[in-house]
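The next block holds one structure in the form of structure tokens; read it before the comments.
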Amino acid sequence: MVESSQEMMAMAPSNNVSRAGWRGADGPAEAASDSLVITTVRACLRDGRGGSPTAVVDESGAPTMTDADRSQVPGRVGASHAVFLRRASADEPVGLRFFAAEGELPACGHATVAAVAFLAAQCPGAEQEFRLRVSGRTFVGRAVRAGDLIHAAFDPGPVIVRDATSAEIGPVVDALGVAPGHLLAGACVASPGRARILVPVRTPDAVTGLGPRLDRLRAACDRLGLLGCYVYSAPTRSGRVVARMFAPSIGVPEDIANVNSTACLAARLSGSGFGRLSVDMGDVLGEPATITASARSGPTGPRILVGAAAVVAER
């Protein structure tokens with residue numbers, strides 16, 4: 001949980017953003033079809049650049065879409081994921097549902113960042129709080145505005161972490177193409193709602209140099225019941241990490257930014273003296289992204305706070 005706006009801004013990467021709507025290959029960030037309006041939010045910016053384009057649709061008062069229709073929305077605006085908001089009344093939490101090309105997901109961290117930024121952009125004032133509901137869990141998303149930049153933060157909820165088995169590590173590492181000597185011990189399977197494998201390697205170059213065979217990685221993840229694979233470099237003393245997320249099983253060959261897997265990493269490393277992480281992603285895809293995560297001791301395990309900067313496209 002965010003204790004204060006100062007804590008949120010301390011977590012935020014440095015950004016200076018001018019107002020500019022992101023344009024996809026086929027036009028502006030906002031697209032309309034009949035009554036459907038799709039807004040693109042660039043989530044997890046780094047120094048005002050890059051970030052993951054995320055489709056946001058407010059379904060409040062709008063005709064209900066089918067899940068098949070929702071799964072098509074990300075591709076319509078060149079996004080990997082879409083988040084659908086529904087507000088029954090001003091007193092009720094804002095319900096969020098997440099979709100990728102292969103269907104619905106129980107959670108999506110960067111799409112949650114996008115939803116908080118979308119909501120904050122519609123409200124006056126520098127600081128906002130929103131009650132959100134995802135997969136039966138209600139929590140608070142907080143936003144701090146600095147010009148057109150919105151820094152969003154939230155508690156992703158409990159993260160279950162266990163050591164990965166050799167039967168899980170072997171086929172995943174083989175599909176990733178990790179060079180001999182680059183793999184570190186400590187791979188784990190973690191789940192904030194859906195399991196994924198986290199694989200540590202020695203250096204940032206070992207991360208960026210990967211050339212995974214996505215067909216084999218998908219087959220391994222499908223067989224093991226995993227969402228995908230998050231590969232990360234050994235953290236520096238200050239908690240800086242470089243990571244990549246591959247999730248071909250949900251139709252996302254590589255994610256520009258993955259907030260929930262970063263939350264999983266914070267939970268994994270919380271007992272190793274890393275209370276705060278700053279994770280860089282997306283460089284290989286030409287879309288630099290940064291996510292921050294902190295961990296505190298809680299009564300039932302580490303309490304994680306994740307955050308990132310976002311900008312909502314002009315309408």
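Lettering and numbering for the structure tokens are positional, with chains as A, B, ... in the shown order, residues counted from 1 in each chain, and ligands counted from 1 in the shown order.
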(request) Compile the contact shell of segment 52-65 of chain A as a PyMOL selection string: residues with an atom at most 6 Å away, counting only C-alpha atoms, same-chain residues fewer than 5 positions apart removed. (result) chain A and resi 38-43+74+79+81-87+256
Write a file of the just-selected residues containing N, CA, C and O atoms, as a PDB file, in the first residue's frame.
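After the write, result16.pdb holds the following:
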ATOM      1  N   ILE A  38     -11.561   3.352 -27.900  1.00  0.00           N
ATOM      2  CA  ILE A  38     -10.336   2.732 -27.393  1.00  0.00           C
ATOM      3  C   ILE A  38      -9.305   3.831 -27.211  1.00  0.00           C
ATOM      4  O   ILE A  38      -8.965   4.537 -28.161  1.00  0.00           O
ATOM      5  N   THR A  39      -8.819   3.986 -25.995  1.00  0.00           N
ATOM      6  CA  THR A  39      -7.777   4.959 -25.707  1.00  0.00           C
ATOM      7  C   THR A  39      -6.479   4.222 -25.421  1.00  0.00           C
ATOM      8  O   THR A  39      -6.484   3.226 -24.703  1.00  0.00           O
ATOM      9  N   THR A  40      -5.388   4.717 -25.983  1.00  0.00           N
ATOM     10  CA  THR A  40      -4.097   4.108 -25.718  1.00  0.00           C
ATOM     11  C   THR A  40      -3.364   4.887 -24.644  1.00  0.00           C
ATOM     12  O   THR A  40      -3.247   6.115 -24.718  1.00  0.00           O
ATOM     13  N   VAL A  41      -2.895   4.183 -23.639  1.00  0.00           N
ATOM     14  CA  VAL A  41      -2.051   4.741 -22.599  1.00  0.00           C
ATOM     15  C   VAL A  41      -0.681   4.084 -22.717  1.00  0.00           C
ATOM     16  O   VAL A  41      -0.586   2.850 -22.794  1.00  0.00           O
ATOM     17  N   ARG A  42       0.355   4.892 -22.754  1.00  0.00           N
ATOM     18  CA  ARG A  42       1.711   4.345 -22.764  1.00  0.00           C
ATOM     19  C   ARG A  42       2.147   4.198 -21.312  1.00  0.00           C
ATOM     20  O   ARG A  42       2.379   5.191 -20.615  1.00  0.00           O
ATOM     21  N   ALA A  43       2.253   2.961 -20.860  1.00  0.00           N
ATOM     22  CA  ALA A  43       2.540   2.666 -19.459  1.00  0.00           C
ATOM     23  C   ALA A  43       3.997   2.257 -19.284  1.00  0.00           C
ATOM     24  O   ALA A  43       4.582   1.602 -20.152  1.00  0.00           O
ATOM     25  N   PRO A  74      -6.698  -5.366 -28.372  1.00  0.00           N
ATOM     26  CA  PRO A  74      -5.276  -4.977 -28.365  1.00  0.00           C
ATOM     27  C   PRO A  74      -4.685  -4.846 -29.762  1.00  0.00           C
ATOM     28  O   PRO A  74      -3.981  -3.877 -30.057  1.00  0.00           O
ATOM     29  N   ALA A  79      -1.368  -2.863 -29.495  1.00  0.00           N
ATOM     30  CA  ALA A  79      -1.027  -3.109 -28.093  1.00  0.00           C
ATOM     31  C   ALA A  79      -0.949  -4.607 -27.832  1.00  0.00           C
ATOM     32  O   ALA A  79      -1.505  -5.415 -28.575  1.00  0.00           O
ATOM     33  N   HIS A  81      -1.909  -5.780 -24.730  1.00  0.00           N
ATOM     34  CA  HIS A  81      -2.969  -6.037 -23.762  1.00  0.00           C
ATOM     35  C   HIS A  81      -4.012  -4.920 -23.809  1.00  0.00           C
ATOM     36  O   HIS A  81      -3.723  -3.803 -24.241  1.00  0.00           O
ATOM     37  N   ALA A  82      -5.187  -5.259 -23.320  1.00  0.00           N
ATOM     38  CA  ALA A  82      -6.251  -4.273 -23.158  1.00  0.00           C
ATOM     39  C   ALA A  82      -6.865  -4.423 -21.778  1.00  0.00           C
ATOM     40  O   ALA A  82      -6.927  -5.534 -21.233  1.00  0.00           O
ATOM     41  N   VAL A  83      -7.314  -3.302 -21.215  1.00  0.00           N
ATOM     42  CA  VAL A  83      -8.017  -3.324 -19.939  1.00  0.00           C
ATOM     43  C   VAL A  83      -9.387  -2.702 -20.144  1.00  0.00           C
ATOM     44  O   VAL A  83      -9.525  -1.675 -20.825  1.00  0.00           O
ATOM     45  N   PHE A  84     -10.391  -3.342 -19.580  1.00  0.00           N
ATOM     46  CA  PHE A  84     -11.778  -2.908 -19.706  1.00  0.00           C
ATOM     47  C   PHE A  84     -12.285  -2.487 -18.336  1.00  0.00           C
ATOM     48  O   PHE A  84     -12.228  -3.264 -17.376  1.00  0.00           O
ATOM     49  N   LEU A  85     -12.773  -1.251 -18.249  1.00  0.00           N
ATOM     50  CA  LEU A  85     -13.240  -0.680 -16.985  1.00  0.00           C
ATOM     51  C   LEU A  85     -14.757  -0.660 -16.972  1.00  0.00           C
ATOM     52  O   LEU A  85     -15.402  -0.389 -17.996  1.00  0.00           O
ATOM     53  N   ARG A  86     -15.303  -0.922 -15.802  1.00  0.00           N
ATOM     54  CA  ARG A  86     -16.749  -0.793 -15.632  1.00  0.00           C
ATOM     55  C   ARG A  86     -17.041  -0.252 -14.242  1.00  0.00           C
ATOM     56  O   ARG A  86     -16.585  -0.812 -13.249  1.00  0.00           O
ATOM     57  N   ARG A  87     -17.812   0.836 -14.191  1.00  0.00           N
ATOM     58  CA  ARG A  87     -18.185   1.473 -12.931  1.00  0.00           C
ATOM     59  C   ARG A  87     -19.693   1.397 -12.779  1.00  0.00           C
ATOM     60  O   ARG A  87     -20.440   2.043 -13.528  1.00  0.00           O
ATOM     61  N   ILE A 256       6.765  -5.611 -23.691  1.00  0.00           N
ATOM     62  CA  ILE A 256       7.604  -4.427 -23.506  1.00  0.00           C
ATOM     63  C   ILE A 256       7.866  -4.193 -22.018  1.00  0.00           C
ATOM     64  O   ILE A 256       8.994  -3.889 -21.606  1.00  0.00           O
TER      65      ILE A 256
END
(message) Would you pick out the contacts of Gly186 of chain A at 9 Å or less, using only C-alpha atoms, so that residues sharing its chain but fewer than 4 positions from it are not included, and give the list as a list in words?
(response)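 Counting only C-alpha atoms, the residues come to Asp163, Ala164, Leu198, Val199 and Pro200 of chain A.
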(message) If you run DSSP on the backbone here, which positions in segment 15-261 of chain A get helix (DSSP H, G or I)? Please write them as a ChimeraX atom specification.
(response) /A:67-76,109-121,166-176,204-208,214-224,248-250,259-261
(request) Determine, counting only C-alpha atoms, which protein, DNA and RNA residues have an atom within 12 Å of an atom of Ala120 of chain A; residues of the same chain fewer than 3 positions away are not included. Present the result as a ChimeraX atom specification. (result) /A:41,113-117,123-130,141-146,148-153,310-312
Requested write-out: N, CA and C atoms of the selected residues, as a PDB file, in the first residue's frame:
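Output file out.pdb follows:
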ATOM      1  N   VAL A  41      -2.895   4.183 -23.639  1.00  0.00           N
ATOM      2  CA  VAL A  41      -2.051   4.741 -22.599  1.00  0.00           C
ATOM      3  C   VAL A  41      -0.681   4.084 -22.717  1.00  0.00           C
ATOM      4  N   VAL A 113      -1.637  -0.113 -14.318  1.00  0.00           N
ATOM      5  CA  VAL A 113      -1.020   1.219 -14.369  1.00  0.00           C
ATOM      6  C   VAL A 113      -1.765   2.087 -15.382  1.00  0.00           C
ATOM      7  N   ALA A 114      -2.049   1.531 -16.552  1.00  0.00           N
ATOM      8  CA  ALA A 114      -2.752   2.282 -17.588  1.00  0.00           C
ATOM      9  C   ALA A 114      -4.146   2.693 -17.135  1.00  0.00           C
ATOM     10  N   ALA A 115      -4.852   1.798 -16.443  1.00  0.00           N
ATOM     11  CA  ALA A 115      -6.199   2.111 -15.967  1.00  0.00           C
ATOM     12  C   ALA A 115      -6.175   3.239 -14.940  1.00  0.00           C
ATOM     13  N   VAL A 116      -5.211   3.187 -14.012  1.00  0.00           N
ATOM     14  CA  VAL A 116      -5.101   4.249 -13.006  1.00  0.00           C
ATOM     15  C   VAL A 116      -4.795   5.583 -13.685  1.00  0.00           C
ATOM     16  N   ALA A 117      -3.895   5.577 -14.654  1.00  0.00           N
ATOM     17  CA  ALA A 117      -3.563   6.808 -15.370  1.00  0.00           C
ATOM     18  C   ALA A 117      -4.776   7.335 -16.144  1.00  0.00           C
ATOM     19  N   CYS A 123      -9.701  13.468 -13.839  1.00  0.00           N
ATOM     20  CA  CYS A 123      -9.989  14.128 -12.570  1.00  0.00           C
ATOM     21  C   CYS A 123      -9.076  15.326 -12.361  1.00  0.00           C
ATOM     22  N   PRO A 124      -9.580  16.387 -11.738  1.00  0.00           N
ATOM     23  CA  PRO A 124      -8.709  17.516 -11.404  1.00  0.00           C
ATOM     24  C   PRO A 124      -7.835  17.172 -10.199  1.00  0.00           C
ATOM     25  N   GLY A 125      -6.788  17.917 -10.025  1.00  0.00           N
ATOM     26  CA  GLY A 125      -5.938  17.714  -8.855  1.00  0.00           C
ATOM     27  C   GLY A 125      -4.714  16.892  -9.162  1.00  0.00           C
ATOM     28  N   ALA A 126      -3.694  17.076  -8.319  1.00  0.00           N
ATOM     29  CA  ALA A 126      -2.400  16.413  -8.539  1.00  0.00           C
ATOM     30  C   ALA A 126      -2.366  14.995  -8.006  1.00  0.00           C
ATOM     31  N   GLU A 127      -3.226  14.677  -7.034  1.00  0.00           N
ATOM     32  CA  GLU A 127      -3.203  13.352  -6.417  1.00  0.00           C
ATOM     33  C   GLU A 127      -4.600  12.762  -6.408  1.00  0.00           C
ATOM     34  N   GLN A 128      -4.678  11.479  -6.753  1.00  0.00           N
ATOM     35  CA  GLN A 128      -5.963  10.798  -6.816  1.00  0.00           C
ATOM     36  C   GLN A 128      -5.845   9.389  -6.238  1.00  0.00           C
ATOM     37  N   GLU A 129      -6.957   8.881  -5.724  1.00  0.00           N
ATOM     38  CA  GLU A 129      -7.050   7.494  -5.288  1.00  0.00           C
ATOM     39  C   GLU A 129      -8.283   6.868  -5.914  1.00  0.00           C
ATOM     40  N   PHE A 130      -8.152   5.603  -6.291  1.00  0.00           N
ATOM     41  CA  PHE A 130      -9.263   4.888  -6.908  1.00  0.00           C
ATOM     42  C   PHE A 130      -9.364   3.492  -6.299  1.00  0.00           C
ATOM     43  N   GLY A 141      -5.638   2.026  -6.103  1.00  0.00           N
ATOM     44  CA  GLY A 141      -4.624   2.519  -7.024  1.00  0.00           C
ATOM     45  C   GLY A 141      -4.465   4.007  -6.797  1.00  0.00           C
ATOM     46  N   ARG A 142      -3.237   4.462  -6.709  1.00  0.00           N
ATOM     47  CA  ARG A 142      -2.975   5.870  -6.444  1.00  0.00           C
ATOM     48  C   ARG A 142      -2.206   6.486  -7.596  1.00  0.00           C
ATOM     49  N   ALA A 143      -2.481   7.758  -7.838  1.00  0.00           N
ATOM     50  CA  ALA A 143      -1.851   8.470  -8.934  1.00  0.00           C
ATOM     51  C   ALA A 143      -1.350   9.821  -8.465  1.00  0.00           C
ATOM     52  N   VAL A 144      -0.180  10.203  -8.917  1.00  0.00           N
ATOM     53  CA  VAL A 144       0.388  11.532  -8.694  1.00  0.00           C
ATOM     54  C   VAL A 144       0.718  12.113 -10.052  1.00  0.00           C
ATOM     55  N   ARG A 145       0.160  13.281 -10.319  1.00  0.00           N
ATOM     56  CA  ARG A 145       0.338  13.921 -11.620  1.00  0.00           C
ATOM     57  C   ARG A 145       1.439  14.971 -11.549  1.00  0.00           C
ATOM     58  N   ALA A 146       2.277  14.992 -12.577  1.00  0.00           N
ATOM     59  CA  ALA A 146       3.282  16.039 -12.752  1.00  0.00           C
ATOM     60  C   ALA A 146       3.216  16.474 -14.211  1.00  0.00           C
ATOM     61  N   ASP A 148       1.764  16.380 -17.688  1.00  0.00           N
ATOM     62  CA  ASP A 148       1.024  15.331 -18.400  1.00  0.00           C
ATOM     63  C   ASP A 148       1.417  13.933 -17.933  1.00  0.00           C
ATOM     64  N   LEU A 149       2.471  13.860 -17.164  1.00  0.00           N
ATOM     65  CA  LEU A 149       2.940  12.572 -16.662  1.00  0.00           C
ATOM     66  C   LEU A 149       2.144  12.164 -15.435  1.00  0.00           C
ATOM     67  N   ILE A 150       1.751  10.907 -15.392  1.00  0.00           N
ATOM     68  CA  ILE A 150       1.034  10.362 -14.234  1.00  0.00           C
ATOM     69  C   ILE A 150       1.817   9.173 -13.716  1.00  0.00           C
ATOM     70  N   HIS A 151       2.179   9.230 -12.431  1.00  0.00           N
ATOM     71  CA  HIS A 151       2.831   8.068 -11.826  1.00  0.00           C
ATOM     72  C   HIS A 151       1.784   7.293 -11.045  1.00  0.00           C
ATOM     73  N   ALA A 152       1.606   6.038 -11.412  1.00  0.00           N
ATOM     74  CA  ALA A 152       0.601   5.166 -10.788  1.00  0.00           C
ATOM     75  C   ALA A 152       1.286   4.111  -9.946  1.00  0.00           C
ATOM     76  N   ALA A 153       0.680   3.784  -8.823  1.00  0.00           N
ATOM     77  CA  ALA A 153       1.229   2.752  -7.945  1.00  0.00           C
ATOM     78  C   ALA A 153       0.092   1.965  -7.311  1.00  0.00           C
ATOM     79  N   ALA A 310       3.206   6.914 -16.652  1.00  0.00           N
ATOM     80  CA  ALA A 310       2.367   6.701 -17.835  1.00  0.00           C
ATOM     81  C   ALA A 310       1.918   8.037 -18.394  1.00  0.00           C
ATOM     82  N   VAL A 311       1.520   8.018 -19.645  1.00  0.00           N
ATOM     83  CA  VAL A 311       0.928   9.195 -20.260  1.00  0.00           C
ATOM     84  C   VAL A 311      -0.246   8.730 -21.102  1.00  0.00           C
ATOM     85  N   VAL A 312      -1.340   9.489 -21.001  1.00  0.00           N
ATOM     86  CA  VAL A 312      -2.543   9.195 -21.767  1.00  0.00           C
ATOM     87  C   VAL A 312      -2.491   9.993 -23.061  1.00  0.00           C
TER      88      VAL A 312
END
(request) Give me every strand (DSSP E) residue in segment 136-168 of chain A, going by DSSP on the backbone, as a PyMOL selection string. (result) chain A and resi 137-146+149-154+160-163
Just to be explicit: take each residue in the selection above, keep C-alpha atoms, and write the result as a PDB file, in the first residue's frame.
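out.pdb, written as the output of this step:
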ATOM      1  CA  ARG A 137      -9.912  -8.527  -4.888  1.00  0.00           C
ATOM      2  CA  THR A 138     -10.483  -4.868  -4.032  1.00  0.00           C
ATOM      3  CA  PHE A 139      -7.487  -2.575  -3.616  1.00  0.00           C
ATOM      4  CA  VAL A 140      -6.447   1.053  -4.053  1.00  0.00           C
ATOM      5  CA  GLY A 141      -4.624   2.519  -7.024  1.00  0.00           C
ATOM      6  CA  ARG A 142      -2.975   5.870  -6.444  1.00  0.00           C
ATOM      7  CA  ALA A 143      -1.851   8.470  -8.934  1.00  0.00           C
ATOM      8  CA  VAL A 144       0.388  11.532  -8.694  1.00  0.00           C
ATOM      9  CA  ARG A 145       0.338  13.921 -11.620  1.00  0.00           C
ATOM     10  CA  ALA A 146       3.282  16.039 -12.752  1.00  0.00           C
ATOM     11  CA  LEU A 149       2.940  12.572 -16.662  1.00  0.00           C
ATOM     12  CA  ILE A 150       1.034  10.362 -14.234  1.00  0.00           C
ATOM     13  CA  HIS A 151       2.831   8.068 -11.826  1.00  0.00           C
ATOM     14  CA  ALA A 152       0.601   5.166 -10.788  1.00  0.00           C
ATOM     15  CA  ALA A 153       1.229   2.752  -7.945  1.00  0.00           C
ATOM     16  CA  PHE A 154      -0.645  -0.146  -6.400  1.00  0.00           C
ATOM     17  CA  ILE A 160       3.238 -17.105  -4.121  1.00  0.00           C
ATOM     18  CA  VAL A 161       6.865 -18.070  -4.778  1.00  0.00           C
ATOM     19  CA  ARG A 162       8.587 -21.457  -4.837  1.00  0.00           C
ATOM     20  CA  ASP A 163      11.870 -22.793  -6.189  1.00  0.00           C
TER      21      ASP A 163
END
Please provide as a CSV table (one decimal) with N, CA, C and O atoms, in the first residue's frame all residues within 9 Å of segment 282-293 of chain A, with the sequence filter that same-chain residues fewer than 5 positions apart are discarded (counting only C-alpha atoms).
chain,number,residue,atom,x,y,z
A,11,MET,N,9.6,6.5,-5.7
A,11,MET,CA,9.7,5.3,-6.5
A,11,MET,C,9.8,5.6,-8.0
A,11,MET,O,10.2,4.8,-8.8
A,12,ALA,N,9.3,6.7,-8.4
A,12,ALA,CA,9.1,7.0,-9.8
A,12,ALA,C,10.5,7.3,-10.5
A,12,ALA,O,11.3,7.9,-10.0
A,13,PRO,N,10.6,6.7,-11.7
A,13,PRO,CA,11.8,7.0,-12.5
A,13,PRO,C,11.7,8.5,-13.0
A,13,PRO,O,10.6,9.1,-13.1
A,43,ALA,N,2.3,3.0,-20.9
A,43,ALA,CA,2.5,2.7,-19.5
A,43,ALA,C,4.0,2.3,-19.3
A,43,ALA,O,4.6,1.6,-20.2
A,44,CYS,N,4.6,2.6,-18.2
A,44,CYS,CA,5.9,2.3,-17.8
A,44,CYS,C,7.0,3.0,-18.6
A,44,CYS,O,8.0,2.4,-19.1
A,45,LEU,N,6.8,4.3,-18.8
A,45,LEU,CA,7.7,5.1,-19.5
A,45,LEU,C,9.1,5.1,-18.8
A,45,LEU,O,9.2,5.0,-17.6
A,46,ARG,N,10.1,5.4,-19.6
A,46,ARG,CA,11.5,5.7,-19.0
A,46,ARG,C,12.0,7.0,-19.6
A,46,ARG,O,12.1,7.2,-20.8
A,47,ASP,N,12.2,8.0,-18.7
A,47,ASP,CA,12.6,9.3,-19.1
A,47,ASP,C,11.7,9.9,-20.2
A,47,ASP,O,12.2,10.5,-21.1
A,49,ARG,N,10.0,8.4,-22.5
A,49,ARG,CA,10.1,7.7,-23.8
A,49,ARG,C,9.6,6.3,-23.6
A,49,ARG,O,9.5,5.8,-22.5
A,50,GLY,N,9.2,5.7,-24.8
A,50,GLY,CA,8.9,4.3,-24.8
A,50,GLY,C,7.7,3.9,-24.1
A,50,GLY,O,6.6,4.6,-24.2
A,51,GLY,N,7.8,2.9,-23.3
A,51,GLY,CA,6.6,2.4,-22.6
A,51,GLY,C,5.8,1.4,-23.4
A,51,GLY,O,6.0,1.3,-24.6
A,52,SER,N,4.9,0.8,-22.7
A,52,SER,CA,4.0,-0.2,-23.4
A,52,SER,C,2.7,0.3,-23.8
A,52,SER,O,1.9,0.7,-22.9
A,208,THR,N,19.9,-9.2,-22.8
A,208,THR,CA,19.6,-8.6,-24.1
A,208,THR,C,20.0,-9.5,-25.3
A,208,THR,O,19.5,-9.4,-26.4
A,209,GLY,N,21.0,-10.3,-25.0
A,209,GLY,CA,21.5,-11.2,-26.1
A,209,GLY,C,20.7,-12.4,-26.3
A,209,GLY,O,21.1,-13.2,-27.2
A,243,ALA,N,15.5,-6.8,-17.5
A,243,ALA,CA,14.7,-8.0,-17.6
A,243,ALA,C,14.0,-8.0,-19.0
A,243,ALA,O,13.8,-7.0,-19.7
A,244,ARG,N,13.6,-9.2,-19.4
A,244,ARG,CA,12.7,-9.5,-20.5
A,244,ARG,C,11.7,-10.5,-20.2
A,244,ARG,O,12.0,-11.4,-19.4
A,254,GLU,N,7.0,-11.2,-26.9
A,254,GLU,CA,7.8,-10.5,-25.8
A,254,GLU,C,7.0,-9.3,-25.4
A,254,GLU,O,6.5,-8.5,-26.2
A,255,ASP,N,6.9,-9.1,-24.1
A,255,ASP,CA,6.2,-8.0,-23.5
A,255,ASP,C,7.2,-6.8,-23.3
A,255,ASP,O,8.4,-7.0,-22.9
A,256,ILE,N,6.8,-5.6,-23.7
A,256,ILE,CA,7.6,-4.4,-23.5
A,256,ILE,C,7.9,-4.2,-22.0
A,256,ILE,O,9.0,-3.9,-21.6
A,257,ALA,N,6.8,-4.3,-21.2
A,257,ALA,CA,7.0,-4.1,-19.8
A,257,ALA,C,6.0,-5.1,-19.1
A,257,ALA,O,4.9,-5.3,-19.5
A,258,ASN,N,6.5,-5.7,-18.0
A,258,ASN,CA,5.7,-6.6,-17.2
A,258,ASN,C,5.8,-6.3,-15.8
A,258,ASN,O,6.7,-6.7,-15.1
A,259,VAL,N,4.7,-5.7,-15.3
A,259,VAL,CA,4.7,-5.2,-13.9
A,259,VAL,C,4.5,-6.3,-12.9
A,259,VAL,O,5.2,-6.4,-11.9
A,262,THR,N,7.6,-8.3,-12.3
A,262,THR,CA,8.5,-7.5,-11.5
A,262,THR,C,8.1,-7.5,-10.0
A,262,THR,O,9.0,-7.6,-9.1
A,263,ALA,N,6.8,-7.6,-9.8
A,263,ALA,CA,6.3,-7.8,-8.4
A,263,ALA,C,6.8,-9.1,-7.9
A,263,ALA,O,7.2,-9.3,-6.7
A,265,LEU,N,9.5,-10.7,-8.8
A,265,LEU,CA,10.9,-10.6,-8.5
A,265,LEU,C,11.1,-9.9,-7.2
A,265,LEU,O,12.0,-10.3,-6.4
A,266,ALA,N,10.4,-8.8,-6.9
A,266,ALA,CA,10.5,-8.1,-5.6
A,266,ALA,C,10.2,-9.1,-4.5
A,266,ALA,O,10.9,-9.1,-3.4
A,275,GLY,N,15.3,-4.2,-0.9
A,275,GLY,CA,14.0,-3.6,-0.5
A,275,GLY,C,13.3,-2.9,-1.6
A,275,GLY,O,12.1,-2.6,-1.6
A,276,ARG,N,14.1,-2.4,-2.6
A,276,ARG,CA,13.6,-1.7,-3.7
A,276,ARG,C,14.3,-2.0,-5.0
A,276,ARG,O,15.6,-2.2,-5.0
A,277,LEU,N,13.6,-2.2,-6.1
A,277,LEU,CA,14.1,-2.6,-7.4
A,277,LEU,C,13.7,-1.5,-8.4
A,277,LEU,O,12.6,-1.0,-8.3
A,304,ILE,N,4.1,-6.0,-1.4
A,304,ILE,CA,4.8,-5.4,-2.5
A,304,ILE,C,4.1,-4.2,-3.0
A,304,ILE,O,2.8,-4.1,-3.0
A,305,LEU,N,4.8,-3.2,-3.4
A,305,LEU,CA,4.3,-2.0,-4.1
A,305,LEU,C,5.0,-1.8,-5.4
A,305,LEU,O,6.2,-1.8,-5.5
A,306,VAL,N,4.2,-1.7,-6.5
A,306,VAL,CA,4.8,-1.5,-7.8
A,306,VAL,C,4.3,-0.2,-8.3
A,306,VAL,O,3.2,0.3,-8.0
A,307,GLY,N,5.1,0.4,-9.2
A,307,GLY,CA,4.7,1.7,-9.7
A,307,GLY,C,5.4,1.9,-11.1
A,307,GLY,O,6.4,1.3,-11.4
A,308,ALA,N,4.9,2.8,-11.8
A,308,ALA,CA,5.4,3.2,-13.1
A,308,ALA,C,4.8,4.5,-13.6
A,308,ALA,O,3.7,4.9,-13.2
A,309,ALA,N,5.5,5.2,-14.5
A,309,ALA,CA,5.0,6.4,-15.1
A,309,ALA,C,4.2,6.1,-16.4
A,309,ALA,O,4.5,5.1,-17.1
(request) Using only C-alpha atoms, find the one residue out of A:Ala100, A:Ala313, A:Asn260, A:Val189 that sits nearest to Ala68 of chain A. (result)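 Ranking A:Ala100, A:Ala313, A:Asn260, A:Val189 by distance to Ala68 of chain A, first place goes to A:Ala100.
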(message) Which residue is closest to Ser233 of chain A? Choose from A:Ala185, A:Cys221, A:Ala167, A:Cys108 and count only C-alpha atoms.
(response) A:Ala185
(request) Return the single residue from A:Arg70, A:Arg202, A:Arg196, A:Arg131 that is closest to Ala220 of chain A, with distances computed using only C-alpha atoms. (result)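 Result for the nearest residue to Ala220 of chain A: A:Arg196.
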(request) Rank nothing, just name the residue among A:Gly170, A:Gly75, A:Gly177, A:Pro204 nearest to Val242 of chain A, using only C-alpha atoms. (result) A:Pro204
(request) Do a neighbour search on Val134 of chain A at 10 Å with only C-alpha atoms, toss out local chain neighbours closer than 6 positions, and write the hits as a PyMOL selection string. (result) chain A and resi 93-98+106-108+112+156
I need the residues from that last selection saved to file as a CSV table (one decimal), in the first residue's frame (with N, CA, C and O atoms), if you can.
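The file below, selection39.csv, is the result:
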chain,number,residue,atom,x,y,z
A,93,PRO,N,-16.3,0.0,-6.4
A,93,PRO,CA,-14.9,0.0,-7.0
A,93,PRO,C,-15.1,-0.1,-8.5
A,93,PRO,O,-16.1,-0.6,-9.1
A,94,VAL,N,-14.0,0.4,-9.2
A,94,VAL,CA,-14.0,0.3,-10.7
A,94,VAL,C,-13.5,-1.2,-11.0
A,94,VAL,O,-12.4,-1.6,-10.6
A,95,GLY,N,-14.3,-1.9,-11.7
A,95,GLY,CA,-14.0,-3.2,-12.1
A,95,GLY,C,-13.0,-3.2,-13.3
A,95,GLY,O,-13.3,-2.5,-14.2
A,96,LEU,N,-12.0,-4.0,-13.2
A,96,LEU,CA,-11.0,-4.2,-14.3
A,96,LEU,C,-11.0,-5.6,-14.8
A,96,LEU,O,-10.9,-6.5,-14.0
A,97,ARG,N,-11.0,-5.7,-16.2
A,97,ARG,CA,-10.8,-7.0,-16.8
A,97,ARG,C,-9.7,-6.9,-17.8
A,97,ARG,O,-9.6,-5.8,-18.5
A,98,PHE,N,-8.9,-7.9,-18.0
A,98,PHE,CA,-7.7,-7.8,-18.9
A,98,PHE,C,-7.8,-8.8,-20.0
A,98,PHE,O,-8.1,-10.0,-19.7
A,106,PRO,N,-6.2,-13.1,-15.5
A,106,PRO,CA,-6.7,-12.8,-14.2
A,106,PRO,C,-6.1,-11.5,-13.6
A,106,PRO,O,-6.7,-10.9,-12.7
A,107,ALA,N,-5.0,-11.0,-14.2
A,107,ALA,CA,-4.4,-9.8,-13.7
A,107,ALA,C,-3.4,-9.3,-14.8
A,107,ALA,O,-2.9,-10.1,-15.6
A,108,CYS,N,-3.1,-8.0,-14.8
A,108,CYS,CA,-2.1,-7.5,-15.7
A,108,CYS,C,-1.6,-6.2,-15.1
A,108,CYS,O,-2.4,-5.2,-15.0
A,112,THR,N,-3.0,-2.3,-15.3
A,112,THR,CA,-3.5,-1.7,-14.2
A,112,THR,C,-2.9,-0.3,-14.0
A,112,THR,O,-3.6,0.7,-13.7
A,156,PRO,N,0.0,-5.2,-5.7
A,156,PRO,CA,-0.6,-6.3,-6.6
A,156,PRO,C,-1.2,-7.5,-5.8
A,156,PRO,O,-1.7,-8.4,-6.5
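In terms of minimum interatomic distance to Tyr230 of chain A, A:Met245 ranks closest within A:Val77, A:Ala195, A:Leu269, A:Met245, counting only C-alpha atoms.
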